[in-house]
file work-v3.txt (compact mmCIF, C-alpha atoms)
# COMPACT_ATOMS: atom_id res chain seq x y z
CA MET P 1 22.74 -6.63 -8.38
CA THR P 2 25.15 -8.00 -5.85
CA ASN P 3 23.41 -9.92 -3.09
CA ASN P 4 25.49 -9.79 0.09
CA GLN P 5 24.46 -11.25 3.43
CA GLY P 6 22.60 -8.70 5.55
CA PRO P 7 22.77 -8.15 9.32
CA ALA P 8 21.57 -10.83 11.68
CA HIS P 9 17.97 -10.98 12.89
CA LYS P 10 17.26 -8.37 15.50
CA LYS P 11 13.74 -9.39 16.52
CA ASP P 12 11.47 -12.38 16.76
CA LEU P 13 9.46 -12.26 13.54
CA THR P 14 6.55 -14.16 15.09
CA ARG P 15 5.95 -11.17 17.36
CA ARG P 16 6.29 -8.55 14.67
CA ARG P 17 3.64 -6.53 12.91
CA VAL P 18 3.89 -4.76 9.57
CA ILE P 19 1.81 -2.48 7.44
CA MET P 20 0.78 -3.83 4.08
CA ALA P 21 -2.11 -1.98 2.52
CA GLY P 22 -3.60 -1.15 -0.83
CA GLY P 23 -1.84 1.91 -2.23
CA ALA P 24 -3.49 5.16 -1.25
CA VAL P 25 -3.13 6.75 -4.69
CA VAL P 26 -5.84 5.84 -7.19
CA ALA P 27 -5.66 6.80 -10.85
CA ALA P 28 -8.00 9.46 -12.15
CA ALA P 29 -9.40 6.87 -14.53
CA GLY P 30 -10.57 4.93 -11.49
CA VAL P 31 -12.85 7.71 -10.24
CA GLY P 32 -16.55 7.86 -11.06
CA ALA P 33 -19.45 5.57 -11.89
CA GLY P 34 -18.81 2.18 -13.40
CA VAL P 35 -15.45 1.69 -11.73
CA VAL P 36 -14.47 -1.82 -10.68
CA ALA P 37 -12.32 -1.80 -7.56
CA THR P 38 -11.20 -5.18 -6.29
CA ALA P 39 -11.01 -5.32 -2.50
CA SER P 40 -8.26 -6.96 -0.51
CA ALA P 41 -9.33 -9.60 1.99
CA ASP P 42 -8.81 -9.86 5.74
CA GLU P 43 -8.46 -6.17 6.55
CA GLU P 44 -7.89 -5.14 10.14
CA LYS P 45 -9.29 -1.78 11.17
CA SER P 46 -6.61 -0.62 13.60
CA THR P 47 -3.20 0.78 12.73
CA ALA P 48 0.01 -0.92 13.83
CA SER P 49 0.94 -0.45 17.45
CA GLY P 50 3.41 2.39 17.74
CA GLY P 51 3.48 2.83 13.96
CA THR P 52 3.16 5.97 11.89
CA ALA P 53 1.01 4.66 9.06
CA GLY P 54 -0.36 7.26 6.70
CA GLN P 55 -4.04 8.12 6.72
CA GLY P 56 -6.12 5.56 4.85
CA GLU P 57 -3.65 2.70 5.24
CA THR P 58 -4.70 -0.52 6.95
CA CYS P 59 -2.75 -2.97 9.08
CA TYR P 60 -2.00 -6.51 8.00
CA ARG P 61 0.17 -9.34 9.22
CA LEU P 62 3.68 -9.94 7.89
CA THR P 63 4.14 -9.69 4.14
CA SER P 64 4.49 -13.13 2.58
CA GLU P 65 7.84 -14.24 1.21
CA THR P 66 7.65 -16.42 -1.92
CA THR P 67 9.95 -18.26 -4.27
CA GLU P 68 12.07 -16.32 -6.74
CA GLY P 69 11.12 -18.74 -9.51
CA PRO P 70 13.36 -19.93 -12.33
CA TYR P 71 13.03 -16.84 -14.55
CA TYR P 72 14.67 -14.05 -12.55
CA ILE P 73 17.29 -12.03 -14.45
CA ASP P 74 19.47 -9.48 -12.68
CA ALA P 75 19.13 -7.15 -15.66
CA ASP P 76 19.55 -3.81 -13.85
CA LYS P 77 17.28 -2.04 -16.33
CA ILE P 78 16.46 1.11 -14.35
CA ARG P 79 13.24 2.27 -15.97
CA LYS P 80 9.58 3.07 -15.38
CA ASP P 81 8.15 1.82 -18.68
CA ILE P 82 8.94 -1.87 -19.14
CA THR P 83 6.52 -2.68 -21.97
CA GLU P 84 8.94 -2.49 -24.93
CA GLY P 85 5.91 -2.40 -27.22
CA LYS P 86 4.29 -5.59 -25.93
CA GLU P 87 0.54 -5.82 -26.54
CA GLY P 88 -1.87 -6.02 -23.67
CA ILE P 89 -4.15 -4.10 -21.33
CA PRO P 90 -2.17 -1.12 -19.95
CA LEU P 91 -1.30 -1.59 -16.29
CA THR P 92 -0.01 1.14 -13.99
CA LEU P 93 1.58 -0.57 -11.00
CA ARG P 94 2.02 1.66 -7.94
CA LEU P 95 4.08 0.18 -5.12
CA LYS P 96 5.02 1.59 -1.73
CA VAL P 97 7.77 0.12 0.44
CA ILE P 98 7.89 0.78 4.17
CA ASP P 99 10.05 -0.32 7.09
CA SER P 100 8.12 -2.93 9.06
CA ASP P 101 9.50 -1.66 12.39
CA THR P 102 8.62 2.01 12.04
CA CYS P 103 6.03 1.97 9.24
CA LYS P 104 8.07 4.78 7.68
CA PRO P 105 8.83 4.82 3.94
CA LEU P 106 12.01 3.13 2.73
CA LYS P 107 13.85 5.62 0.54
CA LYS P 108 16.19 4.61 -2.29
CA ALA P 109 15.29 0.93 -2.07
CA ALA P 110 15.61 -0.85 -5.41
CA VAL P 111 12.39 -2.59 -6.48
CA ASP P 112 12.48 -5.21 -9.25
CA ILE P 113 9.42 -6.50 -11.06
CA TRP P 114 9.15 -9.09 -13.82
CA HIS P 115 6.27 -11.04 -15.35
CA CYS P 116 5.06 -12.85 -18.46
CA ASP P 117 3.34 -11.16 -21.38
CA ALA P 118 -0.33 -11.37 -22.34
CA LEU P 119 0.14 -14.89 -23.71
CA GLY P 120 2.25 -16.32 -20.90
CA ILE P 121 5.72 -15.78 -22.41
CA TYR P 122 8.72 -14.61 -20.34
CA SER P 123 11.44 -12.48 -21.90
CA GLY P 124 14.79 -14.19 -21.77
CA TYR P 125 13.05 -17.58 -21.87
CA GLU P 126 10.90 -17.44 -24.98
CA SER P 127 12.00 -20.87 -26.18
CA MET P 128 11.03 -22.37 -22.81
CA SER P 129 7.64 -20.66 -22.62
CA GLN P 130 4.65 -22.12 -24.43
CA GLY P 131 1.80 -20.00 -23.14
CA GLY P 132 0.21 -18.67 -26.33
CA PRO P 133 -2.64 -19.89 -28.53
CA GLY P 134 -2.48 -23.63 -28.96
CA GLY P 135 0.02 -23.88 -26.14
CA GLY P 136 -0.57 -24.39 -22.48
CA THR P 137 2.40 -26.59 -21.64
CA PRO P 138 4.75 -25.26 -18.95
CA PRO P 139 8.49 -25.33 -19.67
CA SER P 140 9.75 -28.85 -19.12
CA GLY P 141 13.48 -28.30 -18.91
CA ALA P 142 15.53 -31.08 -20.48
CA PRO P 143 13.16 -34.03 -20.78
CA THR P 144 14.59 -37.51 -20.61
CA ASP P 145 12.17 -38.86 -23.17
CA ALA P 146 11.65 -35.95 -25.57
CA PRO P 147 9.31 -36.80 -28.49
CA THR P 148 10.81 -36.87 -31.95
CA GLY P 149 8.01 -34.84 -33.53
CA VAL P 150 6.54 -31.43 -32.80
CA PRO P 151 3.61 -31.84 -30.39
CA THR P 152 0.30 -30.38 -31.50
CA ASP P 153 -1.34 -30.32 -28.12
CA ALA P 154 -0.51 -30.48 -24.43
CA PRO P 155 0.85 -33.80 -23.13
CA THR P 156 -1.41 -35.93 -21.00
CA GLY P 157 1.23 -36.81 -18.43
CA THR P 158 2.75 -34.78 -15.64
CA PRO P 159 5.61 -32.45 -16.72
CA THR P 160 8.97 -33.71 -15.46
CA GLY P 161 10.85 -30.41 -15.55
CA THR P 162 10.70 -27.18 -13.57
CA PRO P 163 7.39 -25.35 -13.94
CA PRO P 164 7.62 -21.63 -14.71
CA SER P 165 8.18 -18.94 -12.11
CA GLY P 166 7.93 -20.77 -8.87
CA GLY P 167 5.14 -23.04 -9.95
CA PRO P 168 4.29 -26.41 -8.45
CA GLY P 169 7.43 -28.27 -7.54
CA GLY P 170 9.70 -25.35 -6.65
CA GLY P 171 11.62 -22.58 -8.36
CA GLY P 172 15.16 -23.57 -9.26
CA HIS P 173 16.82 -20.93 -11.41
CA SER P 174 17.14 -21.45 -15.18
CA GLU P 175 19.69 -19.63 -17.34
CA PRO P 176 18.24 -17.25 -19.98
CA THR P 177 17.87 -18.63 -23.48
CA ASP P 178 17.65 -15.30 -25.36
CA ASP P 179 18.50 -11.61 -25.06
CA GLU P 180 14.96 -10.22 -24.74
CA ARG P 181 14.24 -8.24 -21.56
CA TYR P 182 10.70 -6.88 -21.97
CA LEU P 183 8.39 -6.69 -18.93
CA ARG P 184 11.36 -6.45 -16.57
CA GLY P 185 12.61 -3.41 -14.75
CA THR P 186 14.00 -1.80 -11.61
CA GLN P 187 13.35 1.53 -9.91
CA LEU P 188 14.47 3.29 -6.75
CA THR P 189 11.81 4.33 -4.26
CA ASP P 190 11.32 8.06 -3.79
CA GLN P 191 11.25 10.04 -0.54
CA ARG P 192 7.79 8.63 0.23
CA GLY P 193 8.77 5.05 -0.57
CA TYR P 194 6.93 4.90 -3.90
CA VAL P 195 7.77 3.48 -7.30
CA GLU P 196 5.48 3.33 -10.32
CA PHE P 197 5.82 1.03 -13.32
CA THR P 198 4.12 1.20 -16.70
CA THR P 199 3.50 -2.31 -17.98
CA VAL P 200 0.72 -4.59 -19.27
CA PHE P 201 -1.72 -6.85 -17.44
CA PRO P 202 0.00 -10.27 -17.29
CA GLY P 203 -1.46 -13.30 -18.99
CA TRP P 204 -1.43 -16.85 -17.68
CA TYR P 205 0.22 -20.17 -18.32
CA GLN P 206 -0.48 -23.70 -17.16
CA GLY P 207 0.08 -24.30 -13.46
CA ARG P 208 0.05 -20.72 -12.12
CA ALA P 209 -2.50 -18.00 -11.42
CA VAL P 210 -1.85 -14.58 -12.94
CA HIS P 211 0.99 -12.91 -11.00
CA ILE P 212 3.92 -10.48 -11.02
CA HIS P 213 7.26 -11.17 -9.31
CA THR P 214 9.04 -8.61 -7.16
CA LYS P 215 12.23 -8.12 -5.17
CA VAL P 216 13.26 -5.32 -2.83
CA HIS P 217 16.98 -4.57 -2.42
CA VAL P 218 18.50 -2.26 0.20
CA GLY P 219 21.96 -1.12 1.23
CA GLY P 220 23.37 -0.79 -2.27
CA LYS P 221 24.01 2.18 -4.54
CA MET P 222 23.54 3.27 -8.12
CA THR P 223 26.54 2.90 -10.46
CA ASP P 224 27.05 3.11 -14.21
CA ALA P 225 26.33 -0.63 -14.32
CA GLY P 226 23.08 -0.33 -12.33
CA TYR P 227 22.26 -1.02 -8.69
CA GLU P 228 25.21 -2.66 -6.96
CA GLY P 229 25.84 -4.09 -3.49
CA GLY P 230 23.46 -4.39 -0.59
CA HIS P 231 21.14 -7.35 -0.12
CA THR P 232 17.64 -8.55 -1.01
CA CYS P 233 15.29 -8.01 1.94
CA HIS P 234 12.08 -9.21 0.27
CA THR P 235 11.09 -11.57 -2.53
CA GLY P 236 7.40 -11.82 -3.29
CA GLN P 237 4.66 -12.05 -5.88
CA PHE P 238 1.63 -9.88 -6.61
CA PHE P 239 -1.70 -11.48 -7.48
CA PHE P 240 -4.89 -10.44 -9.23
CA ALA P 241 -8.53 -10.93 -8.19
CA GLU P 242 -10.27 -13.66 -10.17
CA SER P 243 -12.97 -11.24 -11.36
CA ALA P 244 -10.34 -8.99 -12.95
CA VAL P 245 -8.63 -11.92 -14.66
CA LEU P 246 -11.96 -13.01 -16.11
CA ASP P 247 -12.52 -9.47 -17.39
CA SER P 248 -9.07 -9.44 -18.99
CA ALA P 249 -9.83 -12.74 -20.75
CA LYS P 250 -12.54 -10.94 -22.75
CA GLU P 251 -9.97 -8.65 -24.37
CA GLU P 252 -7.41 -9.36 -27.08
CA PRO P 253 -4.81 -10.80 -27.10
CA TYR P 254 -5.78 -12.60 -23.87
CA SER P 255 -8.97 -13.91 -25.49
CA THR P 256 -6.92 -15.77 -28.12
CA SER P 257 -5.15 -17.93 -25.56
CA THR P 258 -6.21 -21.56 -25.28
CA THR P 259 -3.88 -22.24 -22.38
CA THR P 260 -5.38 -23.94 -19.34
CA ARG P 261 -5.79 -21.30 -16.64
CA THR P 262 -5.14 -21.83 -12.93
CA THR P 263 -7.47 -19.85 -10.65
CA LEU P 264 -6.35 -17.86 -7.63
CA THR P 265 -7.76 -20.45 -5.23
CA GLU P 266 -5.95 -23.23 -7.09
CA ASP P 267 -2.55 -21.56 -7.12
CA THR P 268 0.11 -23.30 -5.01
CA ILE P 269 2.16 -20.16 -4.31
CA TYR P 270 -0.56 -17.68 -3.30
CA ASP P 271 -1.30 -18.31 0.40
CA GLN P 272 -4.95 -17.14 0.21
CA SER P 273 -4.31 -14.39 2.79
CA GLY P 274 -5.47 -11.45 0.69
CA VAL P 275 -3.25 -8.40 0.63
CA THR P 276 -0.85 -10.00 3.10
CA GLY P 277 -0.07 -12.56 0.43
CA GLY P 278 0.34 -9.97 -2.31
CA LEU P 279 -3.23 -9.45 -3.57
CA LEU P 280 -3.26 -6.15 -5.46
CA LYS P 281 -5.88 -3.46 -5.16
CA LEU P 282 -7.12 -2.98 -8.73
CA SER P 283 -9.16 -0.19 -10.28
CA TYR P 284 -10.58 0.06 -13.82
CA ARG P 285 -13.78 1.08 -15.60
CA LYS P 286 -16.30 -1.72 -15.98
CA GLY P 287 -16.65 -2.73 -19.60
CA ARG P 288 -13.63 -0.61 -20.54
CA MET P 289 -10.80 -2.59 -19.04
CA ALA P 290 -8.89 -2.37 -22.30
CA ARG P 291 -8.32 1.32 -21.58
CA GLY P 292 -6.19 0.49 -18.57
CA VAL P 293 -5.95 -0.80 -15.01
CA THR P 294 -4.31 0.64 -11.90
CA GLY P 295 -2.83 -1.80 -9.39
CA SER P 296 -1.44 -0.75 -6.01
CA ILE P 297 -0.12 -2.22 -2.79
CA THR P 298 2.16 -1.31 0.12
CA MET P 299 4.89 -3.77 1.09
CA GLY P 300 6.11 -3.93 4.67
CA VAL P 301 9.68 -5.25 4.68
CA ASP P 302 12.46 -5.67 7.21
CA PRO P 303 15.57 -4.03 5.73
CA ASP P 304 17.80 -6.02 8.10
CA GLU P 305 16.58 -9.39 6.84
CA THR P 306 17.76 -11.32 3.79
CA HIS P 307 15.10 -13.03 1.67
CA ASP P 308 16.32 -13.88 -1.82
CA GLY P 309 13.58 -16.42 -2.50
CA THR P 310 15.91 -19.19 -3.63
CA ASP P 311 15.40 -21.42 -0.61
CA LEU P 312 11.58 -21.64 -0.73
call {"tool": "encode", "arguments": {"input": "work-v3.txt", "output": "structure tokens"}}
result
Amino acid sequence: MTNNQGPAHKKDLTRRRVIMAGGAVVAAAGVGAGVVATASADEEKSTASGGTAGQGETCYRLTSETTEGPYYIDADKIRKDITEGKEGIPLTLRLKVIDSDTCKPLKKAAVDIWHCDALGIYSGYESMSQGGPGGGTPPSGAPTDAPTGVPTDAPTGTPTGTPPSGGPGGGGHSEPTDDERYLRGTQLTDQRGYVEFTTVFPGWYQGRAVHIHTKVHVGGKMTDAGYEGGHTCHTGQFFFAESAVLDSAKEEPYSTSTTTRTTLTEDTIYDQSGVTGGLLKLSYRKGRMARGVTGSITMGVDPDETHDGTDL
């Protein structure tokens, strides 16, 4: 996707309000006794002043912008199902994008998501990821004092390279090391501002809480090569309640990981603001998480802004 500079700021963001709520649509599997539904924090009961929020939506402060991280690939894979056969707990991710001025849906906005697999590995960067059983070491870039042997456990010192996906220390981009593109995809929002992805519940790796990356692009158009032109108006990350992550850790292949896990409260990117910071609303059957999880959220974005996440 081409990322051109968008129009200049039209309003003082410190005086703005947006809608950012848990998605209104809940999967049929999430209805009935025994359902676990994680709640988003810091809800406000009134709707946005002058807005046209749909029934059941709740008002929040401005959606958090976060770092792009080093593992973004402009792959232009327009698709709903991004699993490519990867193992893991099925995750249906339902996202709604609205204009933060009017609270109306943004139609034909391109939404990217990308995340690691159940064992903390990113497609395109498999040789840099070490998140599986026996691993736990974040990618270290090009070390200046690389050991001559193959390490059998995590180093005791502090990594000197760039941590994965916007982890502690920043998110400078790294070039892909392979041609894999699983758990990455793009879709255009429909007339109601919705997109839905079929994926798997992400795993974890050292230094970061469980998360999914996202970008929202506007002003471009679909071509034979994918979504071209326009600009990126939002770069963010979605997060998962600690209780849900603990439930996922009981299921294979997550349960086979020996990687050190960072909790949501320990994460340096999540701003602890609940749904405003990207905390997903999750729904699944207690004791049957392996059958699938539904995650949903509404993102309030300013289509006139440019936030590519590379300067955070």
call {"tool": "atom_distance", "arguments": {"input": "work-v3.txt", "atom1": "atom CA of P:Thr265", "atom2": "atom CA of P:Phe239"}}
result
11.1 Å
call {"tool": "closest_residue", "arguments": {"input": "work-v3.txt", "among": "P:Ile113, P:Ile78, P:Leu279, P:Val195", "to": "P:Arg94", "atoms": "only C-alpha atoms"}}
result
P:Val195
call {"tool": "atom_distance", "arguments": {"input": "work-v3.txt", "atom1": "atom CA of P:Leu91", "atom2": "atom CA of P:Gly295"}}
result
7.1 Å
call {"tool": "residues_around", "arguments": {"input": "work-v3.txt", "residues": "P:Ser100", "least_positions_apart": "2", "cutoff": "6 Å", "atoms": "all atoms listed in the file", "output": "VMD selection string"}}
result
chain P and resid 18 102 to 103 300 to 302
call {"tool": "atom_distance", "arguments": {"input": "work-v3.txt", "atom1": "atom CA of P:Gln237", "atom2": "atom CA of P:Thr67"}}
result
8.3 Å
call {"tool": "closest_residue", "arguments": {"input": "work-v3.txt", "among": "P:Asp74, P:Asp271, P:Glu175, P:Glu251", "to": "P:Ala118", "atoms": "only C-alpha atoms"}}
result
P:Glu251
call {"tool": "closest_residue", "arguments": {"input": "work-v3.txt", "among": "P:Val35, P:Ala110, P:Gly226, P:Ala290", "to": "P:Lys250", "atoms": "all atoms listed in the file"}}
result
P:Ala290
call {"tool": "residues_around", "arguments": {"input": "work-v3.txt", "residues": "P:Asp81", "least_positions_apart": "3", "cutoff": "7 Å", "atoms": "all atoms listed in the file", "output": "list in words"}}
result
Phe197, Thr198 and Thr199 of chain P
call {"tool": "write_last_selection", "arguments": {"input": "work-v3.txt", "atoms": "C-alpha atoms", "output": "PDB file, keeping the file's coordinate frame"}}
result
ATOM      1  CA  PHE P 197       5.820   1.030 -13.320  1.00  0.00           C
ATOM      2  CA  THR P 198       4.120   1.200 -16.700  1.00  0.00           C
ATOM      3  CA  THR P 199       3.500  -2.310 -17.980  1.00  0.00           C
TER       4      THR P 199
END
call {"tool": "closest_residue", "arguments": {"input": "work-v3.txt", "among": "P:Asp76, P:Glu252, P:Phe238, P:Leu93", "to": "P:Gly274", "atoms": "only C-alpha atoms"}}
result
P:Phe238
call {"tool": "residues_around", "arguments": {"input": "work-v3.txt", "residues": "P:Arg261", "least_positions_apart": "3", "cutoff": "9 Å", "atoms": "all atoms listed in the file", "output": "number ranges by chain"}}
result
P: 136, 204-210, 258
call {"tool": "write_last_selection", "arguments": {"input": "work-v3.txt", "atoms": "C-alpha atoms", "output": "PDB file, in the frame of the given file"}}
result
ATOM      1  CA  GLY P 136      -0.570 -24.390 -22.480  1.00  0.00           C
ATOM      2  CA  TRP P 204      -1.430 -16.850 -17.680  1.00  0.00           C
ATOM      3  CA  TYR P 205       0.220 -20.170 -18.320  1.00  0.00           C
ATOM      4  CA  GLN P 206      -0.480 -23.700 -17.160  1.00  0.00           C
ATOM      5  CA  GLY P 207       0.080 -24.300 -13.460  1.00  0.00           C
ATOM      6  CA  ARG P 208       0.050 -20.720 -12.120  1.00  0.00           C
ATOM      7  CA  ALA P 209      -2.500 -18.000 -11.420  1.00  0.00           C
ATOM      8  CA  VAL P 210      -1.850 -14.580 -12.940  1.00  0.00           C
ATOM      9  CA  THR P 258      -6.210 -21.560 -25.280  1.00  0.00           C
TER      10      THR P 258
END
call {"tool": "residues_around", "arguments": {"input": "work-v3.txt", "residues": "P:Thr177", "least_positions_apart": "5", "cutoff": "10 Å", "atoms": "all atoms listed in the file", "output": "compact mmCIF listing (two decimals) with C-alpha atoms, keeping the file's coordinate frame"}}
result
# COMPACT_ATOMS: atom_id res chain seq x y z
CA SER P 123 11.44 -12.48 -21.90
CA GLY P 124 14.79 -14.19 -21.77
CA TYR P 125 13.05 -17.58 -21.87
CA GLU P 126 10.90 -17.44 -24.98
CA SER P 127 12.00 -20.87 -26.18
CA MET P 128 11.03 -22.37 -22.81
call {"tool": "residues_near_point", "arguments": {"input": "work-v3.txt", "point": "(5.3, -15.4, 3.8)", "cutoff": "10 Å", "atoms": "only C-alpha atoms", "output": "MDAnalysis selection string"}}
result
chainID P and resid 61:67 234:236 269:271 273 276:278 312
call {"tool": "write_last_selection", "arguments": {"input": "work-v3.txt", "atoms": "C-alpha atoms", "output": "compact mmCIF listing (two decimals), keeping the file's coordinate frame"}}
result
# COMPACT_ATOMS: atom_id res chain seq x y z
CA ARG P 61 0.17 -9.34 9.22
CA LEU P 62 3.68 -9.94 7.89
CA THR P 63 4.14 -9.69 4.14
CA SER P 64 4.49 -13.13 2.58
CA GLU P 65 7.84 -14.24 1.21
CA THR P 66 7.65 -16.42 -1.92
CA THR P 67 9.95 -18.26 -4.27
CA HIS P 234 12.08 -9.21 0.27
CA THR P 235 11.09 -11.57 -2.53
CA GLY P 236 7.40 -11.82 -3.29
CA ILE P 269 2.16 -20.16 -4.31
CA TYR P 270 -0.56 -17.68 -3.30
CA ASP P 271 -1.30 -18.31 0.40
CA SER P 273 -4.31 -14.39 2.79
CA THR P 276 -0.85 -10.00 3.10
CA GLY P 277 -0.07 -12.56 0.43
CA GLY P 278 0.34 -9.97 -2.31
CA LEU P 312 11.58 -21.64 -0.73
call {"tool": "axis_aligned_box", "arguments": {"input": "work-v3.txt", "around": "stretch 186-191 of chain P", "padding_each_side": "5 Å", "output": "AutoDock Vina command-line options"}}
result
--center_x 12.9 --center_y 4.1 --center_z -6.1 --size_x 13.2 --size_y 21.8 --size_z 21.1
call {"tool": "closest_residue", "arguments": {"input": "work-v3.txt", "among": "P:Ala241, P:Ile212, P:Met222, P:Ala249", "to": "P:Gly69", "atoms": "all atoms listed in the file"}}
result
P:Ile212
call {"tool": "residues_around", "arguments": {"input": "work-v3.txt", "residues": "P:Arg288", "least_positions_apart": "2", "cutoff": "12 Å", "atoms": "all atoms listed in the file", "output": "list in words"}}
result
Ala29, Gly30, Gly34, Val35, Val36, Ile89, Pro90, Ala244, Asp247, Ser248, Lys250, Glu251, Ser283, Tyr284, Arg285, Lys286, Ala290, Arg291, Gly292 and Val293 of chain P
call {"tool": "residues_near_point", "arguments": {"input": "work-v3.txt", "point": "(15.1, -3.2, 5.5)", "cutoff": "8 Å", "atoms": "only C-alpha atoms", "output": "list of chain:residue names"}}
result
P:Asp99, P:Ser100, P:Leu106, P:Val218, P:Cys233, P:Val301, P:Asp302, P:Pro303, P:Asp304, P:Glu305
